[in-house]
file protein.cif (mmCIF, C-alpha atoms)
data_model
#
loop_
_atom_site.label_atom_id
_atom_site.label_comp_id
_atom_site.auth_asym_id
_atom_site.auth_seq_id
_atom_site.Cartn_x
_atom_site.Cartn_y
_atom_site.Cartn_z
CA MET A 15 180.56 120.85 195.16
CA ILE A 16 183.83 119.51 196.56
CA LEU A 17 183.95 115.91 197.74
CA SER A 18 186.41 114.27 200.06
CA HIS A 19 188.68 111.66 198.54
CA PRO A 20 191.53 109.32 199.44
CA ASN A 21 195.08 110.11 198.50
CA MET A 22 196.23 106.89 196.94
CA GLY A 23 199.34 105.51 195.29
CA LEU A 24 200.07 102.24 193.50
CA PRO A 25 201.51 98.89 194.50
CA ARG A 26 204.99 98.10 193.22
CA THR A 27 204.78 94.34 193.26
CA THR A 28 202.28 91.71 192.29
CA LYS A 29 202.97 89.39 195.17
CA THR A 30 201.62 91.83 197.74
CA LEU A 31 198.26 91.49 195.99
CA VAL A 32 197.94 87.84 196.98
CA ALA A 33 196.60 88.68 200.43
CA ILE A 34 193.84 90.95 199.21
CA MET A 35 192.79 88.74 196.34
CA MET A 36 192.50 85.60 198.43
CA LEU A 37 189.11 86.99 199.37
CA CYS A 38 186.54 86.72 201.45
CA SER A 39 184.87 87.67 204.72
CA SER A 40 183.98 84.05 205.37
CA GLY A 41 186.65 84.27 208.03
CA VAL A 42 189.30 83.15 205.56
CA PHE A 43 190.00 86.47 203.87
CA SER A 44 188.45 89.90 203.57
CA PRO A 45 186.50 91.16 200.54
CA VAL A 46 188.38 93.12 197.91
CA SER A 47 186.13 96.14 197.76
CA SER A 48 188.24 99.01 198.96
CA TRP A 49 191.99 99.31 198.81
CA THR A 50 194.50 101.69 200.34
CA PHE A 51 197.70 101.41 198.33
CA GLY A 52 200.87 102.29 200.18
CA PRO A 53 204.28 102.80 198.59
CA SER A 54 205.13 99.12 198.46
CA VAL A 55 202.36 97.18 200.15
CA VAL A 56 198.65 96.77 199.79
CA SER A 57 196.26 96.84 202.72
CA LEU A 58 192.52 96.59 203.01
CA ALA A 59 189.95 99.01 204.25
CA SER A 60 187.20 96.48 204.70
CA LYS A 61 184.34 95.47 206.92
CA SER A 62 183.82 92.02 208.31
CA ARG A 63 180.82 90.65 206.49
CA SER A 64 179.16 87.28 206.87
CA CYS A 65 180.17 85.77 203.55
CA ALA A 66 178.89 82.27 203.90
CA THR A 67 175.24 82.77 204.78
CA ALA A 68 173.85 81.42 201.52
CA PRO A 69 176.16 78.77 200.11
CA VAL A 70 175.55 76.63 197.09
CA VAL A 71 175.55 72.93 197.85
CA ALA A 72 175.95 70.67 194.83
CA SER A 73 177.46 67.47 193.62
CA THR A 74 180.64 68.07 191.67
CA ARG A 75 180.50 64.67 189.97
CA SER A 76 179.17 64.78 186.44
CA ASP A 77 176.76 62.17 185.12
CA GLU A 78 178.04 61.46 181.63
CA GLY A 79 175.26 58.99 180.96
CA GLY A 80 172.65 61.72 180.55
CA GLU A 81 171.41 62.22 177.01
CA SER A 82 169.37 65.39 177.39
CA ASN A 83 171.02 68.66 176.37
CA SER A 84 168.07 70.78 177.44
CA SER A 85 169.06 73.62 179.75
CA SER A 86 165.81 73.04 181.64
CA SER A 87 166.52 69.37 182.40
CA PRO A 88 167.47 68.43 185.98
CA LEU A 89 170.90 67.26 184.82
CA ALA A 90 171.62 70.44 182.89
CA THR A 91 170.40 72.60 185.76
CA ALA A 92 172.57 70.72 188.24
CA GLN A 93 175.61 71.14 186.01
CA GLN A 94 174.93 74.83 185.44
CA ASP A 95 174.68 75.42 189.19
CA ASP A 96 177.68 73.24 190.09
CA PRO A 97 179.98 75.57 192.10
CA VAL A 98 183.16 73.94 190.75
CA ILE A 99 182.08 74.38 187.13
CA ILE A 100 181.00 77.94 187.84
CA PHE A 101 184.38 78.67 189.43
CA GLN A 102 186.22 77.35 186.40
CA GLU A 103 184.06 79.30 183.94
CA PHE A 104 184.34 82.50 185.95
CA THR A 105 188.10 82.22 186.26
CA GLU A 106 188.43 81.93 182.47
CA PHE A 107 186.10 84.90 182.05
CA LEU A 108 188.18 87.06 184.41
CA GLN A 109 191.41 86.42 182.53
CA LYS A 110 189.80 87.38 179.23
CA LYS A 111 188.14 90.40 180.80
CA GLN A 112 191.45 91.68 182.15
CA THR A 113 193.01 91.56 178.68
CA GLU A 114 189.98 93.26 177.16
CA ILE A 115 189.95 96.06 179.73
CA ILE A 116 193.68 96.73 179.32
CA SER A 117 193.28 97.11 175.55
CA THR A 118 190.28 99.41 175.98
CA LEU A 119 192.03 101.65 178.50
CA GLU A 120 195.26 101.97 176.53
CA ALA A 121 193.32 102.95 173.39
CA MET A 122 191.17 105.40 175.34
CA ASP A 123 194.11 107.10 177.03
CA GLY A 124 195.78 107.76 173.69
CA SER A 125 199.13 108.81 175.15
CA GLY A 126 201.04 105.70 174.20
CA ALA A 127 201.41 104.76 177.87
CA GLU A 128 201.05 101.01 178.33
CA PHE A 129 200.25 98.77 181.26
CA THR A 130 203.22 96.91 182.66
CA ARG A 131 202.83 93.19 183.35
CA ASP A 132 203.95 91.58 186.60
CA THR A 133 203.25 87.89 187.15
CA TRP A 134 203.74 85.22 189.79
CA GLY A 135 203.00 81.53 190.27
CA LYS A 136 201.50 79.65 187.34
CA PHE A 137 201.56 82.79 185.18
CA SER A 138 205.26 83.49 185.71
CA THR A 139 208.24 82.34 183.68
CA GLU A 140 210.75 83.30 186.36
CA GLU A 141 212.75 80.33 187.64
CA ASP A 142 212.92 81.68 191.17
CA ASP A 143 209.18 82.25 191.51
CA ASP A 144 207.03 80.66 194.21
CA LYS A 145 207.18 76.95 193.42
CA SER A 146 204.41 76.03 195.87
CA ALA A 147 202.01 78.44 194.17
CA THR A 148 202.94 77.02 190.78
CA ARG A 149 202.34 73.46 191.97
CA ASN A 150 198.88 74.44 193.20
CA ASN A 151 198.05 76.15 189.91
CA SER A 152 197.85 79.47 191.76
CA GLY A 153 199.15 82.76 190.44
CA GLY A 154 198.42 86.29 189.47
CA ILE A 155 198.80 88.95 186.80
CA THR A 156 199.06 92.60 187.81
CA ARG A 157 198.93 95.26 185.12
CA VAL A 158 199.96 98.81 186.08
CA ILE A 159 199.91 102.05 184.11
CA GLN A 160 201.43 105.41 185.05
CA GLY A 161 201.87 108.72 183.34
CA GLY A 162 199.00 108.54 180.86
CA ASP A 163 197.16 111.58 179.55
CA ILE A 164 193.91 110.43 181.15
CA ILE A 165 194.98 107.76 183.63
CA GLU A 166 197.71 109.13 185.84
CA LYS A 167 197.96 105.92 187.85
CA GLY A 168 196.02 102.70 187.53
CA ALA A 169 196.09 98.98 188.17
CA CYS A 170 194.09 96.01 186.89
CA SER A 171 194.91 92.84 188.80
CA PHE A 172 193.86 89.23 188.40
CA THR A 173 194.60 86.66 191.09
CA LEU A 174 193.85 82.95 191.26
CA ILE A 175 194.31 80.87 194.41
CA GLN A 176 193.71 77.10 194.23
CA GLN A 177 194.01 74.14 196.55
CA GLY A 178 194.32 76.16 199.72
CA VAL A 179 193.61 74.30 202.96
CA LEU A 180 191.34 75.65 205.69
CA THR A 181 192.72 75.72 209.21
CA ALA A 182 190.52 74.64 212.10
CA GLU A 183 190.07 78.28 213.12
CA ARG A 184 189.02 79.39 209.67
CA ALA A 185 186.74 76.42 209.16
CA ALA A 186 185.02 77.13 212.48
CA ALA A 187 184.53 80.77 211.52
CA ILE A 188 182.79 79.75 208.29
CA ARG A 189 180.80 76.97 209.92
CA GLY A 190 179.57 79.25 212.68
CA ARG A 191 177.86 81.53 210.18
CA GLN A 192 176.11 78.82 208.17
CA LYS A 193 172.33 79.04 208.44
CA ASP A 194 171.77 75.59 207.00
CA GLY A 195 174.63 73.80 208.71
CA PHE A 196 176.80 73.26 205.66
CA PRO A 197 179.70 71.01 206.75
CA VAL A 198 183.00 72.89 206.75
CA ASN A 199 185.97 71.29 208.48
CA ALA A 200 189.66 71.82 208.94
CA GLY A 201 191.43 70.38 205.95
CA ASP A 202 188.72 71.32 203.46
CA THR A 203 190.14 72.93 200.35
CA TYR A 204 189.31 76.39 199.05
CA SER A 205 189.89 78.31 195.85
CA ALA A 206 189.45 81.99 195.07
CA ALA A 207 189.68 84.26 192.06
CA ALA A 208 189.29 88.01 191.63
CA LEU A 209 189.69 90.82 189.16
CA SER A 210 190.15 94.28 190.68
CA ILE A 211 190.63 97.72 189.21
CA VAL A 212 191.59 101.14 190.53
CA LEU A 213 192.00 104.02 188.06
CA HIS A 214 193.15 107.50 189.12
CA SER A 215 192.58 110.26 186.62
CA ARG A 216 195.03 113.03 185.81
CA SER A 217 192.23 115.59 185.53
CA PRO A 218 190.43 116.56 188.75
CA LEU A 219 187.28 116.78 186.64
CA VAL A 220 187.32 113.02 186.00
CA PRO A 221 186.43 110.80 189.00
CA THR A 222 188.48 107.93 190.31
CA PHE A 223 186.97 104.54 189.46
CA ARG A 224 187.25 101.37 191.53
CA SER A 225 185.72 97.97 191.02
CA ASP A 226 186.17 94.28 191.61
CA VAL A 227 184.43 90.93 191.22
CA ARG A 228 185.42 87.78 193.05
CA ILE A 229 184.43 84.21 193.79
CA PHE A 230 185.26 81.97 196.74
CA LEU A 231 184.82 78.19 196.65
CA VAL A 232 185.04 75.65 199.47
CA GLN A 233 185.11 71.93 198.70
CA HIS A 234 184.08 69.89 201.73
CA SER A 235 184.48 66.55 199.99
CA ALA A 236 184.88 65.12 196.51
CA ASP A 237 181.21 65.65 195.76
CA THR A 238 180.13 68.54 198.03
CA SER A 239 181.04 72.20 197.62
CA MET A 240 179.83 75.73 198.16
CA ALA A 241 180.65 79.01 196.46
CA TRP A 242 179.61 82.64 196.45
CA PHE A 243 180.28 85.88 194.60
CA GLY A 244 181.09 89.40 195.71
CA GLY A 245 182.01 92.63 194.01
CA GLY A 246 180.83 96.03 192.86
CA ALA A 247 181.88 99.36 191.40
CA ASP A 248 182.03 102.93 192.71
CA LEU A 249 183.09 106.46 191.84
CA THR A 250 185.04 109.06 193.80
CA PRO A 251 184.67 112.47 192.10
CA TYR A 252 186.83 115.40 193.11
CA TYR A 253 184.25 117.87 191.80
CA LEU A 254 180.64 116.78 191.58
CA VAL A 255 178.82 116.75 188.24
CA GLU A 256 175.36 115.44 189.01
CA ASP A 257 174.58 114.25 185.48
CA ASP A 258 177.69 112.04 185.55
CA ILE A 259 176.62 110.45 188.80
CA ARG A 260 173.03 109.91 187.66
CA GLU A 261 174.20 108.20 184.47
CA PHE A 262 176.67 106.02 186.34
CA HIS A 263 174.03 104.79 188.80
CA ALA A 264 171.42 104.37 186.06
CA MET A 265 173.61 101.85 184.26
CA TYR A 266 173.93 99.62 187.31
CA LYS A 267 170.28 100.05 188.20
CA GLY A 268 169.34 98.88 184.73
CA LEU A 269 171.57 95.85 185.08
CA CYS A 270 170.18 94.96 188.50
CA ASP A 271 166.55 95.51 187.47
CA ASN A 272 166.96 93.07 184.59
CA SER A 273 168.85 90.39 186.51
CA LEU A 274 168.58 88.18 189.57
CA SER A 275 164.83 87.70 189.41
CA SER A 276 165.02 84.89 191.95
CA LEU A 277 167.26 86.76 194.42
CA ASP A 278 165.12 89.46 195.97
CA GLU A 279 167.76 90.35 198.55
CA PHE A 280 170.07 91.53 195.77
CA SER A 281 168.10 94.43 194.35
CA TYR A 282 169.68 97.64 193.12
CA GLN A 283 168.42 99.42 196.24
CA THR A 284 170.00 96.92 198.62
CA MET A 285 173.31 96.85 196.75
CA LYS A 286 173.45 100.64 196.52
CA LYS A 287 172.79 100.93 200.25
CA ALA A 288 175.48 98.33 200.95
CA CYS A 289 177.94 100.45 198.97
CA ASP A 290 176.88 103.65 200.74
CA ASP A 291 177.23 101.99 204.13
CA TYR A 292 180.57 100.44 203.21
CA PHE A 293 182.14 103.76 202.28
CA TYR A 294 180.66 105.82 205.10
CA LEU A 295 183.33 107.60 207.18
CA PRO A 296 181.99 108.00 210.73
CA ALA A 297 184.85 110.25 211.81
CA ARG A 298 183.85 112.75 209.11
CA SER A 299 180.11 112.00 209.08
CA GLU A 300 180.26 111.67 205.31
CA HIS A 301 180.54 109.14 202.52
CA ARG A 302 183.66 108.60 200.46
CA GLY A 303 182.68 109.37 196.90
CA THR A 304 179.24 108.95 195.37
CA GLY A 305 178.92 105.20 195.68
CA GLY A 306 177.74 102.61 193.24
CA ILE A 307 176.86 99.02 194.08
CA PHE A 308 178.36 96.50 196.48
CA PHE A 309 177.35 92.89 196.98
CA ASP A 310 178.61 89.93 198.94
CA ASP A 311 177.37 86.50 200.03
CA MET A 312 175.74 85.90 196.64
CA GLU A 313 175.05 82.27 195.81
CA ALA A 314 177.13 81.01 192.93
CA THR A 315 174.50 79.82 190.47
CA ALA A 316 174.16 80.09 186.71
CA GLU A 317 171.90 83.11 187.22
CA SER A 318 174.25 84.94 189.55
CA LEU A 319 177.22 84.09 187.30
CA GLU A 320 175.48 85.91 184.46
CA PHE A 321 174.83 88.90 186.71
CA VAL A 322 178.39 89.15 188.03
CA GLU A 323 179.81 88.93 184.52
CA GLY A 324 177.33 91.66 183.61
CA VAL A 325 178.70 93.85 186.39
CA SER A 326 182.23 93.60 185.01
CA ASN A 327 180.93 94.17 181.48
CA THR A 328 179.38 97.42 182.74
CA TRP A 329 182.56 98.83 184.27
CA MET A 330 184.01 100.52 181.22
CA PRO A 331 180.68 101.67 179.70
CA SER A 332 179.85 103.33 183.03
CA TRP A 333 183.16 105.24 183.33
CA LEU A 334 184.38 105.99 179.81
CA PRO A 335 181.50 108.34 178.82
CA ILE A 336 182.34 110.50 181.84
CA ILE A 337 185.92 110.72 180.61
CA GLU A 338 184.86 111.72 177.11
CA ARG A 339 182.76 114.58 178.46
CA HIS A 340 185.58 116.04 180.53
CA ARG A 341 188.92 115.00 179.02
CA GLU A 342 189.37 118.25 177.08
CA GLU A 343 188.10 120.57 179.80
CA GLU A 344 190.66 122.88 181.34
CA TYR A 345 191.22 122.96 185.07
CA SER A 346 193.13 125.28 187.38
CA GLU A 347 196.21 124.60 189.44
CA GLN A 348 194.05 125.04 192.52
CA GLN A 349 191.74 122.29 191.33
CA ARG A 350 194.71 120.07 190.61
CA GLN A 351 196.16 120.64 194.08
CA TRP A 352 192.82 119.78 195.65
CA GLN A 353 192.83 116.50 193.76
CA LEU A 354 196.32 115.70 195.06
#

call {"tool": "encode", "arguments": {"input": "protein.cif", "output": "structure tokens"}}
result
Amino acid sequence: MILSHPNMGLPRTTKTLVAIMMLCSSGVFSPVSSWTFGPSVVSLASKSRSCATAPVVASTRSDEGGESNSSSSPLATAQQDDPVIIFQEFTEFLQKKQTEIISTLEAMDGSGAEFTRDTWGKFSTEEDDDKSATRNNSGGITRVIQGGDIIEKGACSFTLIQQGVLTAERAAAIRGRQKDGFPVNAGDTYSAAALSIVLHSRSPLVPTFRSDVRIFLVQHSADTSMAWFGGGADLTPYYLVEDDIREFHAMYKGLCDNSLSSLDEFSYQTMKKACDDYFYLPARSEHRGTGGIFFDDMEATAESLEFVEGVSNTWMPSWLPIIERHREEEYSEQQRQWQL
């Protein structure tokens, strides 16, 4: 069975990724869930989703006088669910995960092709880089690979935005979608972080893989903040192998079924449907690819942090076995031209 697919290239510069990584459909930015890479710029193919319907509200001030280290104590629970602490932990996790994924992909490809490294802001050593981004501890690291035996083109990008300031328009857009009246005003600060991947295979028998995870944090005052997660993963095969698709979905179903016990709205079924709906092409009356999972508006708690990290930990185990089954299979020039 032949499936429709996008014809995609790669970005040539890191700095064009700032716009797509600065997240989120709260009215500030759009979710990084589907990219269309042009020759030198990056644009989004995204829906407008209500991203601030279930914020976390917590004190960001730590009580150092507490003596209990029990994870079940009120103090420990409050600290675990503190959006600012979660943001910091998740940002560190994303940087480590990017390095880990790059090493895994280079070893898997086996061609000797390596990911390039393009940096900006706090991660750059260039004297003429964006000084305002550096002052705000913002920056990004884009890693790009081309010409591999397995990965013809691919990118793995990390972006961190800190100490942004909401305009009145953006603050009103967020505030208007708050069910519980969380106070969001012009001048409130926001931070965002994301890790995104797109991997195009050389063989038409190996599907394209896309994924991202992201967090968006708004700090209303010194002791009040909200944050939420978004992300997902999906496949776009050129030729359908049903066993590959079943295995791919089964991995994410297993993760979802064993996570998020207190968040009924984020079941595997709801996240799969969200992905299917997101990638539906009305003009063609068909879906792009075979889907996966997609989630947004997820409260940033200790429980959801564990789940979102689990999603990113599932990316490579869900795609690499498909590669191993098909990397040595021969394909025709006709199949290759269909892929292109």

call {"tool": "closest_atom_pairs", "arguments": {"input": "protein.cif", "of": "region 206-323 of chain A", "to": "region 96-112 of chain A", "cutoff": "8 Å", "atoms": "only C-alpha atoms", "output": "CSV"}}
result
residue,atom,partner,partner_atom,distance
A:Ala207,CA,A:Thr105,CA,6.3
A:Ala208,CA,A:Leu108,CA,7.4
A:Leu209,CA,A:Leu108,CA,6.2
A:Ile229,CA,A:Phe101,CA,7.1
A:Leu231,CA,A:Pro97,CA,7.1
A:Ser239,CA,A:Pro97,CA,6.6
A:Met240,CA,A:Pro97,CA,6.1
A:Ala241,CA,A:Pro97,CA,5.6
A:Ala314,CA,A:Pro97,CA,6.2
A:Thr315,CA,A:Pro97,CA,7.1
A:Ala316,CA,A:Ile100,CA,7.3
A:Leu319,CA,A:Ile100,CA,7.2
A:Glu323,CA,A:Phe107,CA,7.9

call {"tool": "atom_distance", "arguments": {"input": "protein.cif", "atom1": "CA of Asp163 (chain A)", "atom2": "CA of Gly306 (chain A)"}}
result
25.4 Å

call {"tool": "closest_residue", "arguments": {"input": "protein.cif", "among": "A:Leu180, A:Leu277, A:Ala187, A:Cys289", "to": "Gln233 (chain A)", "atoms": "only C-alpha atoms"}}
result
A:Leu180

call {"tool": "resolve_selection", "arguments": {"input": "protein.cif", "expression": "the PyMOL selection byres ((chain A and resi 350) around 10)", "output": "count of residues only"}}
result
14

call {"tool": "closest_residue", "arguments": {"input": "protein.cif", "among": "A:Ile259, A:Ala200, A:Ile307, A:Ile336", "to": "Asp291 (chain A)", "atoms": "all atoms listed in the file"}}
result
A:Ile307

call {"tool": "decode", "arguments": {"input": "protein.cif", "residues": "region 255-276 of chain A", "atoms": "N, CA and C atoms", "output": "mmCIF file, in the first residue's frame"}}
result
data_model
loop_
_atom_site.group_PDB
_atom_site.id
_atom_site.type_symbol
_atom_site.label_atom_id
_atom_site.label_comp_id
_atom_site.auth_asym_id
_atom_site.auth_seq_id
_atom_site.Cartn_x
_atom_site.Cartn_y
_atom_site.Cartn_z
ATOM 1 N N VAL A 255 4.041 -1.368 5.946
ATOM 2 C CA VAL A 255 4.274 -2.701 6.503
ATOM 3 C C VAL A 255 3.510 -2.737 7.817
ATOM 4 N N GLU A 256 2.413 -3.475 7.842
ATOM 5 C CA GLU A 256 1.498 -3.389 8.971
ATOM 6 C C GLU A 256 2.139 -3.809 10.290
ATOM 7 N N ASP A 257 3.018 -4.794 10.264
ATOM 8 C CA ASP A 257 3.659 -5.228 11.509
ATOM 9 C C ASP A 257 4.504 -4.105 12.114
ATOM 10 N N ASP A 258 5.153 -3.324 11.259
ATOM 11 C CA ASP A 258 5.943 -2.191 11.758
ATOM 12 C C ASP A 258 5.048 -1.195 12.482
ATOM 13 N N ILE A 259 3.912 -0.911 11.891
ATOM 14 C CA ILE A 259 3.018 0.091 12.459
ATOM 15 C C ILE A 259 2.410 -0.414 13.768
ATOM 16 N N ARG A 260 2.021 -1.678 13.798
ATOM 17 C CA ARG A 260 1.459 -2.248 15.023
ATOM 18 C C ARG A 260 2.472 -2.179 16.167
ATOM 19 N N GLU A 261 3.713 -2.530 15.874
ATOM 20 C CA GLU A 261 4.748 -2.518 16.908
ATOM 21 C C GLU A 261 5.006 -1.105 17.404
ATOM 22 N N PHE A 262 5.058 -0.162 16.486
ATOM 23 C CA PHE A 262 5.291 1.236 16.840
ATOM 24 C C PHE A 262 4.199 1.726 17.790
ATOM 25 N N HIS A 263 2.954 1.511 17.431
ATOM 26 C CA HIS A 263 1.843 1.962 18.269
ATOM 27 C C HIS A 263 1.801 1.214 19.596
ATOM 28 N N ALA A 264 2.150 -0.060 19.579
ATOM 29 C CA ALA A 264 2.100 -0.863 20.807
ATOM 30 C C ALA A 264 3.055 -0.320 21.864
ATOM 31 N N MET A 265 4.203 0.214 21.423
ATOM 32 C CA MET A 265 5.162 0.740 22.387
ATOM 33 C C MET A 265 4.601 1.962 23.108
ATOM 34 N N TYR A 266 3.936 2.842 22.369
ATOM 35 C CA TYR A 266 3.389 4.036 22.995
ATOM 36 C C TYR A 266 2.127 3.713 23.790
ATOM 37 N N LYS A 267 1.383 2.732 23.337
ATOM 38 C CA LYS A 267 0.217 2.306 24.111
ATOM 39 C C LYS A 267 0.654 1.741 25.464
ATOM 40 N N GLY A 268 1.712 0.938 25.444
ATOM 41 C CA GLY A 268 2.222 0.391 26.695
ATOM 42 C C GLY A 268 2.673 1.479 27.645
ATOM 43 N N LEU A 269 3.355 2.484 27.112
ATOM 44 C CA LEU A 269 3.797 3.598 27.938
ATOM 45 C C LEU A 269 2.604 4.341 28.534
ATOM 46 N N CYS A 270 1.623 4.644 27.695
ATOM 47 C CA CYS A 270 0.459 5.394 28.167
ATOM 48 C C CYS A 270 -0.352 4.592 29.177
ATOM 49 N N ASP A 271 -0.513 3.297 28.938
ATOM 50 C CA ASP A 271 -1.318 2.463 29.832
ATOM 51 C C ASP A 271 -0.698 2.335 31.216
ATOM 52 N N ASN A 272 0.613 2.535 31.304
ATOM 53 C CA ASN A 272 1.306 2.387 32.581
ATOM 54 C C ASN A 272 1.703 3.728 33.194
ATOM 55 N N SER A 273 1.135 4.799 32.685
ATOM 56 C CA SER A 273 1.470 6.137 33.163
ATOM 57 C C SER A 273 0.199 6.956 33.347
ATOM 58 N N LEU A 274 0.355 8.103 33.971
ATOM 59 C CA LEU A 274 -0.705 9.103 34.042
ATOM 60 C C LEU A 274 -2.002 8.553 34.618
ATOM 61 N N SER A 275 -1.907 7.816 35.701
ATOM 62 C CA SER A 275 -3.092 7.220 36.304
ATOM 63 C C SER A 275 -4.095 8.256 36.790
ATOM 64 N N SER A 276 -3.627 9.444 37.103
ATOM 65 C CA SER A 276 -4.521 10.481 37.619
ATOM 66 C C SER A 276 -5.008 11.436 36.532
#
